[in-house]
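To be precise, the following lines are final.txt, and they hold compact mmCIF, C-alpha atoms.
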```
# COMPACT_ATOMS: atom_id res chain seq x y z
CA MET A 29 13.41 202.60 24.59
CA ALA A 30 15.69 202.86 21.55
CA LEU A 31 15.91 200.27 18.76
CA THR A 32 18.76 199.46 16.38
CA PHE A 33 18.08 198.75 12.70
CA LEU A 34 20.92 197.00 10.82
CA THR A 35 20.99 196.95 7.00
CA ASP A 36 23.44 196.49 4.14
CA HIS A 37 22.05 199.48 2.22
CA THR A 38 25.36 201.24 1.72
CA SER A 39 24.94 203.05 -1.62
CA PRO A 40 23.83 206.70 -1.36
CA LEU A 41 20.46 205.98 -2.99
CA MET A 42 19.67 202.99 -0.78
CA ARG A 43 21.04 204.63 2.35
CA GLY A 44 18.90 207.67 1.62
CA LEU A 45 15.79 205.51 1.51
CA ALA A 46 16.70 203.77 4.77
CA ASP A 47 17.25 207.17 6.43
CA ARG A 48 13.82 208.32 5.20
CA VAL A 49 12.09 205.17 6.47
CA VAL A 50 13.69 205.56 9.90
CA ALA A 51 12.89 209.29 10.02
CA ASP A 52 9.23 208.61 9.21
CA TRP A 53 9.08 206.14 12.09
CA ASN A 54 10.86 208.39 14.56
CA GLU A 55 8.58 211.31 13.76
CA ARG A 56 5.57 209.31 14.95
CA HIS A 57 7.22 207.15 17.64
CA SER A 58 9.39 209.38 19.79
CA ASP A 59 9.01 206.88 22.65
CA THR A 60 10.75 204.17 20.57
CA PRO A 61 13.35 205.88 18.38
CA VAL A 62 15.25 203.81 15.86
CA SER A 63 18.93 204.28 15.02
CA LEU A 64 20.28 203.02 11.71
CA THR A 65 23.49 200.97 11.39
CA VAL A 66 24.86 200.07 7.96
CA LEU A 67 27.32 197.31 7.03
CA ASP A 68 28.59 196.30 3.62
CA HIS A 69 26.76 193.22 2.35
CA GLU A 70 29.78 190.94 2.52
CA GLU A 71 30.59 192.17 6.03
CA LEU A 72 27.02 191.66 7.19
CA ARG A 73 26.99 188.13 5.80
CA ASP A 74 30.23 187.30 7.59
CA GLU A 75 29.04 188.77 10.89
CA MET A 76 25.48 187.43 10.74
CA ARG A 77 26.02 184.49 13.08
CA THR A 78 27.79 186.67 15.64
CA CYS A 79 24.91 189.14 15.48
CA LEU A 80 22.39 186.40 16.16
CA THR A 81 24.19 184.33 18.79
CA GLY A 82 26.13 186.87 20.83
CA ALA A 83 25.05 189.92 22.78
CA PRO A 84 22.14 191.66 21.06
CA SER A 85 23.57 193.89 18.33
CA ALA A 86 20.37 194.79 16.47
CA ASP A 87 16.62 194.67 17.00
CA VAL A 88 15.69 194.48 13.31
CA MET A 89 17.92 193.27 10.48
CA THR A 90 17.82 192.94 6.74
CA TRP A 91 18.32 189.60 5.00
CA PHE A 92 16.90 187.61 2.12
CA ALA A 93 14.76 184.54 1.72
CA GLY A 94 16.38 181.20 0.98
CA ASN A 95 18.19 178.30 2.54
CA ARG A 96 20.31 180.36 4.95
CA MET A 97 17.24 182.15 6.25
CA ASP A 98 15.51 178.79 6.67
CA SER A 99 18.52 177.54 8.63
CA MET A 100 18.36 180.52 10.98
CA VAL A 101 14.67 179.87 11.58
CA ASP A 102 15.34 176.18 12.29
CA GLN A 103 17.98 177.16 14.85
CA GLY A 104 15.59 179.49 16.63
CA LEU A 105 17.65 182.59 15.82
CA MET A 106 14.73 184.58 14.38
CA LEU A 107 11.67 185.71 16.30
CA ASP A 108 8.30 184.20 15.38
CA VAL A 109 6.15 187.15 14.21
CA SER A 110 3.07 185.19 13.11
CA ALA A 111 0.86 187.31 15.35
CA MET A 112 2.01 190.46 13.56
CA TRP A 113 1.02 188.99 10.19
CA LYS A 114 -2.50 188.56 11.54
CA THR A 115 -2.69 191.90 13.32
CA GLU A 116 -1.44 193.85 10.29
CA GLY A 117 -3.56 191.88 7.83
CA PHE A 118 -0.51 191.07 5.73
CA ASP A 119 -2.06 187.75 4.68
CA HIS A 120 -4.70 189.74 2.75
CA VAL A 121 -2.35 192.12 0.92
CA TYR A 122 0.74 190.00 0.24
CA LEU A 123 1.06 188.05 -3.00
CA PRO A 124 0.62 184.28 -2.48
CA ARG A 125 4.25 183.53 -3.35
CA PHE A 126 5.47 185.67 -0.47
CA ARG A 127 2.83 184.51 2.00
CA ASN A 128 3.89 180.93 1.36
CA MET A 129 7.57 181.82 1.61
CA ALA A 130 7.10 183.48 5.00
CA GLY A 131 4.81 180.87 6.46
CA GLY A 132 1.61 182.80 5.92
CA MET A 133 -0.74 182.39 8.85
CA GLY A 134 1.45 179.73 10.47
CA PRO A 135 4.80 180.18 12.22
CA SER A 136 6.61 182.99 10.46
CA SER A 137 9.85 184.79 11.19
CA PHE A 138 10.70 186.55 7.93
CA LEU A 139 8.94 189.56 6.38
CA PRO A 140 9.61 189.70 2.62
CA THR A 141 9.30 193.30 1.45
CA SER A 142 10.77 193.41 -2.07
CA HIS A 143 12.02 191.30 -4.93
CA TYR A 144 13.89 192.08 -8.12
CA TRP A 145 14.91 190.78 -11.50
CA TRP A 146 18.20 189.70 -13.04
CA ALA A 147 18.86 190.70 -16.64
CA VAL A 148 21.50 191.61 -19.20
CA TYR A 149 22.39 195.30 -18.80
CA TYR A 150 23.95 197.37 -21.60
CA ARG A 151 24.45 200.90 -22.92
CA PRO A 152 22.07 201.63 -25.85
CA SER A 153 24.62 204.10 -27.26
CA VAL A 154 27.30 201.37 -27.41
CA PHE A 155 24.88 199.01 -29.14
CA ALA A 156 23.92 201.71 -31.63
CA ALA A 157 27.58 202.48 -32.40
CA ALA A 158 28.13 198.78 -33.07
CA GLY A 159 25.14 198.68 -35.43
CA ILE A 160 22.92 196.64 -33.10
CA THR A 161 19.43 197.99 -33.74
CA ASP A 162 17.09 195.03 -33.24
CA PRO A 163 15.95 193.87 -29.78
CA VAL A 164 17.92 190.95 -28.35
CA THR A 165 15.45 188.20 -27.44
CA THR A 166 16.87 184.93 -28.80
CA TRP A 167 20.28 183.34 -28.61
CA ASP A 168 20.77 184.02 -32.33
CA ASP A 169 20.12 187.70 -31.61
CA LEU A 170 22.70 187.64 -28.82
CA THR A 171 25.27 185.87 -30.99
CA ALA A 172 24.81 188.49 -33.71
CA ALA A 173 25.16 191.29 -31.15
CA CYS A 174 28.37 189.74 -29.84
CA ARG A 175 29.80 189.59 -33.36
CA ASN A 176 29.02 193.26 -33.92
CA LEU A 177 30.52 194.28 -30.59
CA THR A 178 33.69 192.28 -31.20
CA ALA A 179 34.06 193.81 -34.67
CA SER A 180 33.79 197.23 -33.02
CA GLY A 181 36.58 196.41 -30.55
CA VAL A 182 34.21 195.87 -27.61
CA THR A 183 34.32 192.67 -25.53
CA PRO A 184 30.75 191.27 -25.40
CA PHE A 185 30.49 190.68 -21.63
CA ALA A 186 32.06 191.77 -18.37
CA LEU A 187 31.55 189.10 -15.70
CA GLY A 188 33.10 190.52 -12.52
CA ALA A 189 33.09 187.35 -10.41
CA ARG A 190 35.45 188.30 -7.60
CA HIS A 191 32.56 187.94 -5.15
CA ARG A 192 31.22 184.90 -7.05
CA CYS A 193 27.54 185.80 -7.54
CA PRO A 194 27.77 186.82 -11.24
CA ALA A 195 29.40 183.50 -12.13
CA ALA A 196 26.60 181.65 -10.31
CA ALA A 197 24.07 183.72 -12.26
CA TRP A 198 25.59 182.54 -15.53
CA PHE A 199 25.28 178.95 -14.37
CA ASP A 200 21.67 179.47 -13.25
CA TYR A 201 20.60 181.01 -16.54
CA LEU A 202 22.47 178.67 -18.86
CA ASN A 203 21.03 175.69 -16.97
CA MET A 204 17.49 177.09 -17.08
CA ARG A 205 17.78 178.02 -20.77
CA LEU A 206 19.41 174.76 -21.88
CA ASN A 207 17.57 172.28 -19.63
CA GLY A 208 14.54 174.14 -18.28
CA PRO A 209 13.66 175.31 -14.77
CA ASP A 210 12.48 171.86 -13.64
CA VAL A 211 15.94 170.38 -14.17
CA HIS A 212 17.51 173.38 -12.46
CA GLU A 213 15.24 173.00 -9.43
CA ALA A 214 15.95 169.28 -9.29
CA LEU A 215 19.66 170.09 -9.16
CA MET A 216 19.15 172.74 -6.47
CA THR A 217 17.22 170.29 -4.31
CA LEU A 218 19.87 167.54 -4.66
CA ARG A 219 17.70 165.25 -6.79
CA ILE A 220 20.08 164.91 -9.74
CA PRO A 221 23.90 164.69 -9.79
CA TYR A 222 26.24 167.39 -11.04
CA THR A 223 27.79 164.75 -13.29
CA ASP A 224 24.46 164.32 -15.12
CA ASP A 225 24.96 164.75 -18.88
CA ARG A 226 22.55 167.71 -18.85
CA ILE A 227 24.76 169.58 -16.40
CA ARG A 228 27.88 168.63 -18.33
CA ARG A 229 26.17 170.15 -21.37
CA VAL A 230 25.84 173.46 -19.50
CA PHE A 231 29.57 173.56 -18.85
CA ALA A 232 30.34 172.58 -22.45
CA PHE A 233 28.13 175.38 -23.77
CA TRP A 234 29.65 177.89 -21.34
CA ARG A 235 33.16 176.77 -22.27
CA GLU A 236 32.50 177.62 -25.91
CA LEU A 237 31.50 181.15 -24.93
CA ILE A 238 34.63 181.59 -22.82
CA GLU A 239 36.92 180.25 -25.54
CA GLN A 240 35.26 182.50 -28.13
CA GLY A 241 36.35 185.49 -26.06
CA TYR A 242 32.91 186.51 -24.80
CA PHE A 243 34.21 187.66 -21.40
CA LEU A 244 36.46 190.54 -20.43
CA GLY A 245 39.80 189.71 -18.78
CA ASP A 246 40.04 187.42 -15.77
CA PRO A 247 36.46 187.14 -14.43
CA GLY A 248 37.75 186.44 -10.93
CA GLY A 249 40.02 189.48 -10.99
CA TYR A 250 37.33 192.15 -10.79
CA ASP A 251 33.98 192.55 -9.06
CA GLU A 252 30.43 193.31 -10.16
CA GLU A 253 30.78 197.07 -9.72
CA GLU A 254 33.89 197.03 -11.89
CA ALA A 255 32.03 194.97 -14.50
CA VAL A 256 29.31 197.62 -14.66
CA ALA A 257 32.00 200.30 -14.90
CA ALA A 258 33.48 198.48 -17.92
CA VAL A 259 30.05 198.59 -19.58
CA LEU A 260 29.69 202.29 -18.77
CA ARG A 261 33.13 202.95 -20.32
CA GLY A 262 32.22 201.01 -23.46
CA GLU A 263 34.99 198.49 -22.80
CA ALA A 264 32.41 195.70 -22.50
CA GLY A 265 29.04 195.61 -24.17
CA MET A 266 26.96 193.82 -21.53
CA THR A 267 26.87 192.34 -18.06
CA LEU A 268 24.47 189.89 -16.41
CA THR A 269 23.48 191.44 -13.09
CA GLY A 270 20.65 192.20 -10.69
CA ALA A 271 18.34 195.20 -10.79
CA TYR A 272 20.25 196.77 -7.89
CA THR A 273 22.87 197.75 -10.47
CA THR A 274 21.15 201.07 -11.19
CA ASP A 275 20.76 201.75 -7.45
CA GLU A 276 24.36 200.99 -6.55
CA PHE A 277 26.73 201.04 -9.52
CA THR A 278 25.55 203.68 -12.00
CA PRO A 279 25.27 207.48 -11.68
CA PRO A 280 21.85 208.54 -10.31
CA GLY A 281 19.34 208.84 -13.14
CA GLU A 282 21.82 207.54 -15.73
CA PRO A 283 19.77 207.60 -18.97
CA ASP A 284 22.10 205.49 -21.12
CA ILE A 285 21.56 202.14 -19.42
CA ASP A 286 18.96 199.52 -20.27
CA PHE A 287 18.43 195.76 -19.99
CA PHE A 288 16.79 192.75 -21.58
CA ARG A 289 15.80 189.26 -20.45
CA PHE A 290 18.56 186.64 -20.64
CA PRO A 291 17.88 185.31 -24.14
CA LEU A 292 16.07 182.05 -24.82
CA ILE A 293 18.16 179.24 -26.24
CA HIS A 294 15.39 176.66 -26.73
CA PRO A 295 12.10 178.60 -27.12
CA ASP A 296 10.06 175.45 -26.48
CA LEU A 297 11.28 175.18 -22.87
CA PRO A 298 9.41 176.79 -19.97
CA ILE A 299 11.01 180.09 -18.96
CA GLY A 300 12.73 180.33 -15.59
CA GLU A 301 13.97 183.52 -13.98
CA ASP A 302 16.01 184.36 -10.91
CA THR A 303 14.22 186.77 -8.59
CA PRO A 304 15.79 187.07 -5.12
CA VAL A 305 13.54 188.21 -2.29
CA ASP A 306 14.72 190.72 0.30
CA GLY A 307 13.14 191.51 3.63
CA TYR A 308 13.59 191.95 7.35
CA PHE A 309 13.38 190.03 10.61
CA VAL A 310 13.68 190.43 14.37
CA PRO A 311 16.58 188.47 15.88
CA ALA A 312 15.48 186.15 18.67
CA ASN A 313 18.06 187.83 20.94
CA SER A 314 16.55 191.31 20.51
CA ALA A 315 16.36 193.10 23.86
CA SER A 316 13.03 194.69 22.83
CA PRO A 317 11.13 192.11 20.77
CA ALA A 318 7.66 193.69 21.10
CA GLU A 319 8.85 197.14 20.03
CA ALA A 320 11.06 195.65 17.31
CA THR A 321 8.06 193.79 15.89
CA ARG A 322 6.16 197.08 15.68
CA PHE A 323 9.00 198.57 13.63
CA LEU A 324 9.07 195.43 11.47
CA ALA A 325 5.39 196.03 10.69
CA HIS A 326 6.32 199.57 9.62
CA LEU A 327 8.89 198.12 7.18
CA GLY A 328 6.20 195.91 5.68
CA SER A 329 3.65 198.71 5.39
CA ARG A 330 2.20 200.00 2.15
CA HIS A 331 3.80 203.38 2.84
CA VAL A 332 7.33 201.97 2.99
CA GLN A 333 6.88 199.64 0.03
CA GLN A 334 5.50 202.53 -2.03
CA LEU A 335 8.51 204.66 -1.13
CA THR A 336 10.81 201.80 -2.04
CA ILE A 337 9.41 201.17 -5.50
CA GLU A 338 9.50 204.88 -6.31
CA ARG A 339 13.13 205.27 -5.28
CA LEU A 340 14.80 201.94 -6.12
CA SER A 341 14.80 199.39 -8.94
CA THR A 342 12.75 196.83 -7.08
CA LEU A 343 9.27 195.31 -6.96
CA PRO A 344 6.87 195.13 -4.01
CA THR A 345 5.55 192.05 -2.26
CA ARG A 346 2.20 193.71 -1.50
CA THR A 347 -0.71 193.90 -3.93
CA ASP A 348 -1.80 197.43 -2.96
CA VAL A 349 1.33 199.30 -4.08
CA ASP A 350 1.00 201.55 -7.14
CA THR A 351 3.67 200.10 -9.41
CA GLU A 352 2.94 202.69 -12.11
CA ARG A 353 4.72 205.20 -9.88
CA GLY A 354 7.88 203.11 -9.96
CA GLY A 355 11.08 204.15 -11.68
CA ARG A 356 11.59 203.84 -15.42
CA HIS A 357 12.87 200.25 -15.22
CA VAL A 358 10.13 198.84 -12.98
CA ALA A 359 7.60 198.13 -15.74
CA LYS A 360 10.17 196.26 -17.83
CA GLY A 361 11.36 194.28 -14.80
CA MET A 362 7.78 193.31 -14.02
CA GLU A 363 7.30 192.24 -17.63
CA ILE A 364 10.30 189.90 -17.42
CA LEU A 365 8.96 188.21 -14.30
CA ARG A 366 5.39 188.06 -15.59
CA GLY A 367 6.70 186.31 -18.69
CA ALA A 368 8.27 183.54 -16.59
CA ASP A 369 6.79 180.10 -16.06
CA HIS A 370 8.83 179.48 -12.90
CA LEU A 371 10.57 181.80 -10.47
CA SER A 372 13.65 180.70 -8.57
CA GLN A 373 15.71 182.87 -6.26
CA PHE A 374 19.42 182.37 -6.90
CA TYR A 375 21.94 179.54 -6.80
CA ASP A 376 23.20 180.14 -3.26
CA LEU A 377 19.67 180.74 -1.96
CA ASP A 378 18.08 177.67 -3.55
CA THR A 379 20.53 174.93 -2.59
CA PRO A 380 22.05 174.09 0.82
CA TRP A 381 24.69 176.63 1.73
CA GLU A 382 27.51 174.13 2.31
CA LEU A 383 27.06 172.88 -1.25
CA ALA A 384 26.42 176.36 -2.64
CA ASN A 385 29.71 177.55 -1.19
CA VAL A 386 31.56 174.86 -3.15
CA GLY A 387 29.51 175.59 -6.26
CA MET A 388 30.02 179.35 -6.22
CA SER A 389 33.79 178.89 -6.06
CA ALA A 390 33.67 176.20 -8.75
CA PHE A 391 31.85 178.48 -11.19
CA VAL A 392 34.49 181.19 -10.76
CA SER A 393 37.26 178.61 -11.27
CA PHE A 394 35.52 177.38 -14.41
CA ALA A 395 35.17 180.91 -15.80
CA GLN A 396 38.91 181.32 -15.28
CA ASP A 397 39.92 177.91 -16.66
CA PRO A 398 37.15 176.04 -18.51
CA THR A 399 39.42 173.04 -19.16
CA ARG A 400 38.77 172.07 -15.52
CA GLY A 401 35.06 171.51 -16.17
CA ASP A 402 34.90 167.75 -15.55
CA GLU A 403 37.12 168.01 -12.48
CA LEU A 404 34.98 170.76 -10.99
CA LEU A 405 31.74 168.88 -11.65
CA ARG A 406 33.17 165.81 -9.92
CA GLU A 407 34.09 168.00 -6.94
CA LEU A 408 30.56 169.39 -6.89
CA GLU A 409 29.06 165.92 -7.06
CA SER A 410 31.23 164.84 -4.14
CA ALA A 411 29.94 167.84 -2.18
CA ARG A 412 26.37 166.94 -3.15
CA GLN A 413 26.87 163.39 -1.87
CA ASP A 414 28.25 164.77 1.40
CA GLN A 415 25.19 166.99 1.71
CA LEU A 416 22.86 164.07 0.97
CA SER A 417 24.37 162.16 3.86
CA LYS A 418 23.19 164.99 6.13
CA THR A 419 20.01 166.13 4.37
CA PRO A 420 17.69 164.03 2.21
CA PRO A 421 16.65 165.52 -1.12
CA THR A 422 13.63 167.82 -0.93
CA ALA A 423 10.76 168.42 -3.27
CA SER A 424 11.19 171.21 -5.78
CA ARG A 425 10.69 174.66 -4.32
CA SER A 426 10.13 176.23 -7.73
CA LEU A 427 6.83 178.06 -7.82
CA PRO A 428 4.77 179.03 -10.84
CA ALA A 429 5.12 182.71 -11.52
CA SER A 430 2.46 184.54 -9.51
CA HIS A 431 2.09 188.32 -9.58
```
Any chance you could put this one into structure tokens?
Amino acid sequence: MALTFLTDHTSPLMRGLADRVVADWNERHSDTPVSLTVLDHEELRDEMRTCLTGAPSADVMTWFAGNRMDSMVDQGLMLDVSAMWKTEGFDHVYLPRFRNMAGGMGPSSFLPTSHYWWAVYYRPSVFAAAGITDPVTTWDDLTAACRNLTASGVTPFALGARHRCPAAAWFDYLNMRLNGPDVHEALMTLRIPYTDDRIRRVFAFWRELIEQGYFLGDPGGYDEEEAVAAVLRGEAGMTLTGAYTTDEFTPPGEPDIDFFRFPLIHPDLPIGEDTPVDGYFVPANSASPAEATRFLAHLGSRHVQQLTIERLSTLPTRTDVDTERGGRHVAKGMEILRGADHLSQFYDLDTPWELANVGMSAFVSFAQDPTRGDELLRELESARQDQLSKTPPTASRSLPASH
């Protein structure tokens, strides 16, 4: 009986890992071979509902934790694999944050297998040429670095918001750094309005950066990969992006790329970080749920998580993986997350999707025309009120950092 495994791991490095994971399974399970199907992330997102409600198209799929995953669980579109958690002993080897996220010993449909950091990526050689020698840790440090870059003819940041996520990341981090993670979580869970003065302050601060020429070109006119390319060319000095950047957008083993934590603006505030969580699940319409669950257990195994951390810029969800064997960026990424007081996921994962969809577009519009700030916040508040009429506000889902 053959199984189909659907992922969005399209880059050569990530596809190579997926091929290896499938080959390892097939070598030991010739009675249940797995075939790999790959879709671009945006395409997979757009086709997700069709995959889960139509004729079975996959037996195991990749996705990420957050509100959309919760919605799929609530609609009964994901198979309950609680028994597998018990059989495999995952409750004993998974970090508490991920056990809680997946339901632990109770009903559980999602298997979180990795998480990663967001940070400011740059070329050390470009910084050195601009005379930037000290580490960038505070906002004053960043401001000084931006002055040096500008004087050298380099735009400080490439944003690359065509697909919206980088603009949302800027909102997440400015809100967490200006107001603290508790305020950010209250906003994500609909408990404060977008017209709150604290949120207006975020847009005012961001507007100053835009009007000072911090960002390259039209942020909505190019994507994240093109933003990284601008940094690699030395056209832009930095970009705020996820750890997957070095797996997808830079040459393999590129030595002249590094990153630092998004700088602190008010050092007295608790530190919040975005750390999305990726994983896998069995669609409820799988034609072979028992066999698919066995393959899901393989994806959550120590063997696969060890392979993953050694090949990609990612962190495991298990406690028995040797992180010292990770790539050169893993230790620094772990340090960023260990230094956090609260871990969120990401804007469109932490707030209801209908509202997030409005917000993601609003952030891109703001980056393109910051004079529309008040108008966009009013639109977001209207969308929040619409969401409140359907869903009451929830308690904060922010969790203390736990590693």
Worksheet item: Can you list, as a ChimeraX atom specification, every protein, DNA or RNA residue that comes within 10 Å of range 254-260 of chain A when you count all atoms listed in the file, leaving out same-chain residues fewer than 4 positions away?
Response: /A:149-151,154,182-190,194,244,247,249-250,264-269,273-274,277-279,282,284-285
Practice prompt. Find the residues around Leu383 in chain A up to 8 Å (all atoms listed in the file counted), leave out those fewer than 5 positions away in its own chain, and share them as a PyMOL selection string.
Written response: chain A and resi 408+411-412+415
Worksheet entry | Separation of CA of Gly248 in chain A from CA of Ser153 in chain A in Å |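 CA of Gly248 in chain A lies 27.4 Å from CA of Ser153 in chain A.
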Response to the item:
Taken to one decimal, the CA of Gly281 in chain A-CA of Leu67 in chain A distance is 24.6 Å
Discussion item. Within 8 Å of (15.7, 177.7, -11.8) in the file's own coordinates, which protein, DNA or RNA residues have an atom, counting all atoms listed in the file? List them as a ChimeraX atom specification.
Written reply: /A:200-201,203-204,208-213,300-302,370-374,426
Worksheet item: Nearest to Leu340 in chain A among A:His57, A:Arg322, A:Arg226, A:Arg356, with distances taken over only C-alpha atoms: which residue is it?
Response: A:Arg356
Worksheet item: At what distance in Å, to one decimal, does CA of Asp275 in chain A lie from CA of Val310 in chain A?
Response: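 One can read the CA of Val310 in chain A to CA of Asp275 in chain A distance as 25.6 Å.
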For the point (21.5, 193.2, -29.3) in file coordinates, what residues are within 12 Å, counting only C-alpha atoms? Give the answer as a short mmCIF file (atom, residue, chain, number, x, y, z; two decimals) with C-alpha atoms, in the frame of the given file?
```cif
data_model
loop_
_atom_site.label_atom_id
_atom_site.label_comp_id
_atom_site.auth_asym_id
_atom_site.auth_seq_id
_atom_site.Cartn_x
_atom_site.Cartn_y
_atom_site.Cartn_z
CA VAL A 148 21.50 191.61 -19.20
CA TYR A 149 22.39 195.30 -18.80
CA TYR A 150 23.95 197.37 -21.60
CA ARG A 151 24.45 200.90 -22.92
CA PRO A 152 22.07 201.63 -25.85
CA SER A 153 24.62 204.10 -27.26
CA VAL A 154 27.30 201.37 -27.41
CA PHE A 155 24.88 199.01 -29.14
CA ALA A 156 23.92 201.71 -31.63
CA ALA A 157 27.58 202.48 -32.40
CA ALA A 158 28.13 198.78 -33.07
CA GLY A 159 25.14 198.68 -35.43
CA ILE A 160 22.92 196.64 -33.10
CA THR A 161 19.43 197.99 -33.74
CA ASP A 162 17.09 195.03 -33.24
CA PRO A 163 15.95 193.87 -29.78
CA VAL A 164 17.92 190.95 -28.35
CA THR A 165 15.45 188.20 -27.44
CA THR A 166 16.87 184.93 -28.80
CA TRP A 167 20.28 183.34 -28.61
CA ASP A 168 20.77 184.02 -32.33
CA ASP A 169 20.12 187.70 -31.61
CA LEU A 170 22.70 187.64 -28.82
CA THR A 171 25.27 185.87 -30.99
CA ALA A 172 24.81 188.49 -33.71
CA ALA A 173 25.16 191.29 -31.15
CA CYS A 174 28.37 189.74 -29.84
CA ARG A 175 29.80 189.59 -33.36
CA ASN A 176 29.02 193.26 -33.92
CA LEU A 177 30.52 194.28 -30.59
CA PRO A 184 30.75 191.27 -25.40
CA GLY A 265 29.04 195.61 -24.17
CA MET A 266 26.96 193.82 -21.53
CA ASP A 286 18.96 199.52 -20.27
CA PHE A 287 18.43 195.76 -19.99
CA PHE A 288 16.79 192.75 -21.58
CA ARG A 289 15.80 189.26 -20.45
CA PHE A 290 18.56 186.64 -20.64
CA PRO A 291 17.88 185.31 -24.14
#
```
Find the spatial neighbours of Thr342 in chain A, counting all atoms listed in the file, within a cut-off of 8 Å - ignore same-chain residues fewer than 6 positions away - and output them as a PDB file with C-alpha atoms, in the frame of the given file.
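So the final result, stored in selection23.pdb, reads:
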```pdb
ATOM      1  CA  SER A 142      10.770 193.410  -2.070  1.00  0.00           C
ATOM      2  CA  HIS A 143      12.020 191.300  -4.930  1.00  0.00           C
ATOM      3  CA  TYR A 144      13.890 192.080  -8.120  1.00  0.00           C
ATOM      4  CA  TRP A 145      14.910 190.780 -11.500  1.00  0.00           C
ATOM      5  CA  ALA A 271      18.340 195.200 -10.790  1.00  0.00           C
ATOM      6  CA  TYR A 272      20.250 196.770  -7.890  1.00  0.00           C
ATOM      7  CA  THR A 336      10.810 201.800  -2.040  1.00  0.00           C
ATOM      8  CA  VAL A 358      10.130 198.840 -12.980  1.00  0.00           C
TER       9      VAL A 358
END
```
Discussion item. Restricting the calculation to only C-alpha atoms: of A:Phe199, A:Phe33, A:Phe231, A:Trp53, which residue gets closest to Asp87 in chain A?
Written reply: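 The answer is A:Phe33, which sits nearest to Asp87 in chain A.
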Can you take range 402-416 of chain A from the block and write N, CA and C atoms as a PDB file, in the first residue's frame?
```
ATOM      1  N   ASP A 402      -3.290  56.084   9.889  1.00  0.00           N
ATOM      2  CA  ASP A 402      -4.531  56.153  10.671  1.00  0.00           C
ATOM      3  C   ASP A 402      -5.676  55.447   9.955  1.00  0.00           C
ATOM      4  N   GLU A 403      -5.755  55.652   8.653  1.00  0.00           N
ATOM      5  CA  GLU A 403      -6.809  55.001   7.857  1.00  0.00           C
ATOM      6  C   GLU A 403      -6.684  53.474   7.947  1.00  0.00           C
ATOM      7  N   LEU A 404      -5.481  52.989   7.819  1.00  0.00           N
ATOM      8  CA  LEU A 404      -5.269  51.532   7.849  1.00  0.00           C
ATOM      9  C   LEU A 404      -5.568  50.952   9.227  1.00  0.00           C
ATOM     10  N   LEU A 405      -5.210  51.674  10.276  1.00  0.00           N
ATOM     11  CA  LEU A 405      -5.512  51.191  11.627  1.00  0.00           C
ATOM     12  C   LEU A 405      -7.013  51.179  11.879  1.00  0.00           C
ATOM     13  N   ARG A 406      -7.730  52.155  11.349  1.00  0.00           N
ATOM     14  CA  ARG A 406      -9.193  52.136  11.480  1.00  0.00           C
ATOM     15  C   ARG A 406      -9.777  50.939  10.735  1.00  0.00           C
ATOM     16  N   GLU A 407      -9.238  50.636   9.548  1.00  0.00           N
ATOM     17  CA  GLU A 407      -9.710  49.467   8.817  1.00  0.00           C
ATOM     18  C   GLU A 407      -9.439  48.181   9.609  1.00  0.00           C
ATOM     19  N   LEU A 408      -8.276  48.115  10.224  1.00  0.00           N
ATOM     20  CA  LEU A 408      -7.939  46.941  11.025  1.00  0.00           C
ATOM     21  C   LEU A 408      -8.845  46.827  12.250  1.00  0.00           C
ATOM     22  N   GLU A 409      -9.146  47.948  12.850  1.00  0.00           N
ATOM     23  CA  GLU A 409     -10.032  47.907  14.016  1.00  0.00           C
ATOM     24  C   GLU A 409     -11.434  47.464  13.613  1.00  0.00           C
ATOM     25  N   SER A 410     -11.892  47.905  12.449  1.00  0.00           N
ATOM     26  CA  SER A 410     -13.190  47.451  11.956  1.00  0.00           C
ATOM     27  C   SER A 410     -13.175  45.938  11.745  1.00  0.00           C
ATOM     28  N   ALA A 411     -12.079  45.430  11.195  1.00  0.00           N
ATOM     29  CA  ALA A 411     -11.958  43.983  10.985  1.00  0.00           C
ATOM     30  C   ALA A 411     -11.897  43.246  12.329  1.00  0.00           C
ATOM     31  N   ARG A 412     -11.245  43.854  13.313  1.00  0.00           N
ATOM     32  CA  ARG A 412     -11.208  43.232  14.646  1.00  0.00           C
ATOM     33  C   ARG A 412     -12.605  43.169  15.254  1.00  0.00           C
ATOM     34  N   GLN A 413     -13.368  44.237  15.100  1.00  0.00           N
ATOM     35  CA  GLN A 413     -14.739  44.245  15.625  1.00  0.00           C
ATOM     36  C   GLN A 413     -15.590  43.181  14.934  1.00  0.00           C
ATOM     37  N   ASP A 414     -15.412  43.032  13.619  1.00  0.00           N
ATOM     38  CA  ASP A 414     -16.135  41.979  12.894  1.00  0.00           C
ATOM     39  C   ASP A 414     -15.767  40.606  13.443  1.00  0.00           C
ATOM     40  N   GLN A 415     -14.479  40.417  13.714  1.00  0.00           N
ATOM     41  CA  GLN A 415     -14.028  39.125  14.242  1.00  0.00           C
ATOM     42  C   GLN A 415     -14.574  38.887  15.644  1.00  0.00           C
ATOM     43  N   LEU A 416     -14.636  39.942  16.448  1.00  0.00           N
ATOM     44  CA  LEU A 416     -15.175  39.807  17.805  1.00  0.00           C
ATOM     45  C   LEU A 416     -16.632  39.384  17.791  1.00  0.00           C
TER      46      LEU A 416
END
```
